[in-house]
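**Q** Questions regarding the structure given below will be posed in turn.
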Amino acid sequence: MMSTTLEQGALLIDGEARAGAGAAQTIIEPATGATLAEITLASRADVDAAVAAALDGKWGRVGAADRSALLHRLADAIEGRADELTELEARNVGKAITSVRGEVRAAAGVLRYFASVPGAVEGRSNPIGGSLHSYSVKQPVGVCAQIVPWNYPLSMATAKIAPALAAGCSTVLKPDAQTPLSALLLARLALEAGLPPGVLNVVPGDGPGIGAYLVAHPGVDKVSFTGSTASGTEVMRSCADSIKRLTLELGGKSPSLVFADADLERAAAGCAWSVYGAAGQSCEARSRVLVERSVLDDFTGRFLDRAAKLRVGDPLEDATQIGSLISRAHRDRVHSFVEGALAAGAEVLRGGTIPAGDGAFYPPTAIADPDHGLDIERSEVFGPVATIVPFDDEADAIRLADDTRFGLMATIWTGDPARGPRIAGRLDSGTVGINMPFTSFPGVPFGGFKQSGFGREFGFDTLDDYLETKSVIMWTGRKSPIPID
Ligand code: NAD
C-alpha cells in the first residue's frame, strides 16, 4: 500500500508526484511506534513551483457542468479506493478504523455536495436607471492556500478543496508534516478522475517554515487555515500584509449542557462520544460537561460507566472505538494538563495515567471541577479528558457554557422541546446540537464564534469565500455621458 502511494515522493505538483527538496520526515504509526514511511517534505522552491502551477487559472474557465462532473468522478474514485484510504489514514493517525471508514465516506459526500453547486452560482443585474446598465458576476477568487492539521487529514482536505474547486479556484494544499499520506492519495485520485494538472497540488511541510511561506506567497489570493488559535493568529497577521482573503477554523473548548429533564442514559452516551471520540483530538470535542446539580451524581455515574466501557486499542481492529493519540509527545502534553489539574487539587474520577507500551494511548479521563475553577477549563487539551461541572439553572448553564474564549460547538441535552432552541439562540457558538452529538454535515455551515475563527466550512454559502463579485457598468445612451466631452 505504502509503496504505491509514495514510490515517486510525497508531493504532487502540476500533476507530477515527486520527492520534496525539504527536510526528511519519518512518518510514524502512533499506535505502535513503528515507522510507516520515510519521506522528504516540501522546500520553499517546491512551494513556488506549486503556486506557479496553480496560477494558470485554466480551471476557472472550465464550465460549471464539467467541474461538477469531475468532482463527482473524484467522489467515485474515493469510494472506489475507500479501503486503501481508510487503512492509510487509520495507520497514520492512529484513529479507530470504524471512525475512519465514516470519515472516508463523508469525504466523498462533501465532494458530491459541492459538485452540485457550481451550476447554481448566478450573477445579477443591478439597478441604476437611465442609459446606464449594470450587472455583477461571481468569479473565482484565484489561487488558494489550504492548510490542514493532523487530526482529520482527509476530511479536512476534502472540506477545503471541495468548495474551492467547485468555485473554479486552483489550490495548494498543505497537510501536516506528520500526516501527509491521505492528501497525497487524494490528489492522485483527482488526477485519475480527470482534474487537470496544477489544479490540486500537495506540499506537506512544517507550519512555521513551509506553511508560513505558503501563506505569505505573493501568488496566493486566498488562505483557508484549520489549526490552533495560536497558529491562526500568525496566519491572520501574515495575511494582513497583503490583504489576502482568509478563513480560519481554529480551536475549541466546547460544552455539553445536561439538564435534569434529559434522558440521562442517552445524554451520558452522547457526552462520552462527544469528548472521547477520536481520542478527544477534535476541535469540537465537548470537553466541558456541564450538569444540572440535582442530577449530578446520577449523570456522573452513568457517564463514567460509558467511559469505562469504551474499547481503547488497536486502531485496525473493528471492535476498537478509541485508538491512539497522534504521537507520544502529544500524549505527554495531554497528560501534563491532567497533572496540572491534580496539582491544583482536582479529583480525577477515572483515567489520568499513561499506560505501558509503545503506542501513544491515553485512557478516557474524567475530572470533577465543582467550582469551575481549574485552569484545564480554559485550555484546549486536545485529548480524551473531560471535566464535569455542576450548574444551578438555565442562566447559570449559559453563563458557564460561554465562559470561554472559544465558540465552536455546544450540545444541549433536555427533555423540554422549547428549551433547546431557546438556549441555542443565546449561546456564543457557531454550531449547537440538541439531543444529538453530531457536528458536521456537508450542507450545514460549520465554524466558530470568538477565537474559534471566522468563515464557515460546508454549506452553500462557503462558496462565497472562494468567489469575488465583479460589477460591470455600461453606458447604452446615444450621447456621451462624460461631462467634459
Ligand atoms: P497547528 O496550528 O499546530 O497546525 C495546523 C496546521 O497548520 C498544520 O498543517 C501546520 O503545519 C500548519 N501551521 C502551523 N503554524 C503555521 C503557520 N504559522 N503558518 C502556516 N501554517 C502553519 O494545529 P495542530 O495542533 O496541528 O491541530 C490541532 C488544532 O487544530 C486544534 O487547535 C484544533 O482545535 C484545530 N482544529 C480546528 C478545526 C475547526 O474546524 N475549527 C478542525 C480541526 C482542528
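To be explicit about the labels: the chains of the C-alpha cells are called A, B, and onward in the order shown, and within each one the residues are counted from 1, while ligands get numbers from 1 in the order they are shown.
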As a VMD selection string, please: every protein or nucleic acid residue near ligand 1 (cut-off 7 Å, counting only C-alpha atoms and all ligand atoms).
**A** chain A and resid 147 to 152 174 to 177 205 to 208 211 to 212 215 225 to 232 234 to 235 249 to 252 282 to 284 380 382 408 447 to 448 452 to 453
**Q** Could you please write out, as a VMD selection string, every residue of range 170-319 of chain A that DSSP assigns to helix (DSSP H, G or I)?
**A** chain A and resid 181 to 193 207 to 216 229 to 242 264 to 280 293 to 309
**Q** Can you check which parts of range 44-162 of chain A lie within 12 Å of range 304-321 of chain A? Per residue, the shortest pair of atoms and distance in Å to one decimal, counting only C-alpha atoms, sorted by chain and number, as JSON lines.
**A**
{"residue": "A:Asp83", "atom": "CA", "partner": "A:Leu316", "partner_atom": "CA", "distance": 11.7}
{"residue": "A:Thr86", "atom": "CA", "partner": "A:Leu316", "partner_atom": "CA", "distance": 9.6}
{"residue": "A:Glu87", "atom": "CA", "partner": "A:Leu316", "partner_atom": "CA", "distance": 7.5}
{"residue": "A:Leu88", "atom": "CA", "partner": "A:Leu316", "partner_atom": "CA", "distance": 10.3}
{"residue": "A:Glu89", "atom": "CA", "partner": "A:Pro315", "partner_atom": "CA", "distance": 10.2}
{"residue": "A:Ala90", "atom": "CA", "partner": "A:Pro315", "partner_atom": "CA", "distance": 6.4}
{"residue": "A:Arg91", "atom": "CA", "partner": "A:Pro315", "partner_atom": "CA", "distance": 7.3}
{"residue": "A:Asn92", "atom": "CA", "partner": "A:Pro315", "partner_atom": "CA", "distance": 10.2}
{"residue": "A:Val93", "atom": "CA", "partner": "A:Pro315", "partner_atom": "CA", "distance": 9.1}
{"residue": "A:Gly94", "atom": "CA", "partner": "A:Pro315", "partner_atom": "CA", "distance": 5.8}
{"residue": "A:Lys95", "atom": "CA", "partner": "A:Pro315", "partner_atom": "CA", "distance": 5.5}
{"residue": "A:Ala96", "atom": "CA", "partner": "A:Pro315", "partner_atom": "CA", "distance": 4.1}
{"residue": "A:Ile97", "atom": "CA", "partner": "A:Leu316", "partner_atom": "CA", "distance": 5.3}
{"residue": "A:Thr98", "atom": "CA", "partner": "A:Asp318", "partner_atom": "CA", "distance": 6.1}
{"residue": "A:Ser99", "atom": "CA", "partner": "A:Gln321", "partner_atom": "CA", "distance": 7.7}
{"residue": "A:Val100", "atom": "CA", "partner": "A:Pro315", "partner_atom": "CA", "distance": 9.4}
{"residue": "A:Arg101", "atom": "CA", "partner": "A:Asp318", "partner_atom": "CA", "distance": 10.3}
**Q** Would you compute the distance between CA of Ser254 in chain A and CA of Thr365 in chain A? Give it in Å to one decimal.
**A**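 Interatomic distance here is 16.3 Å.
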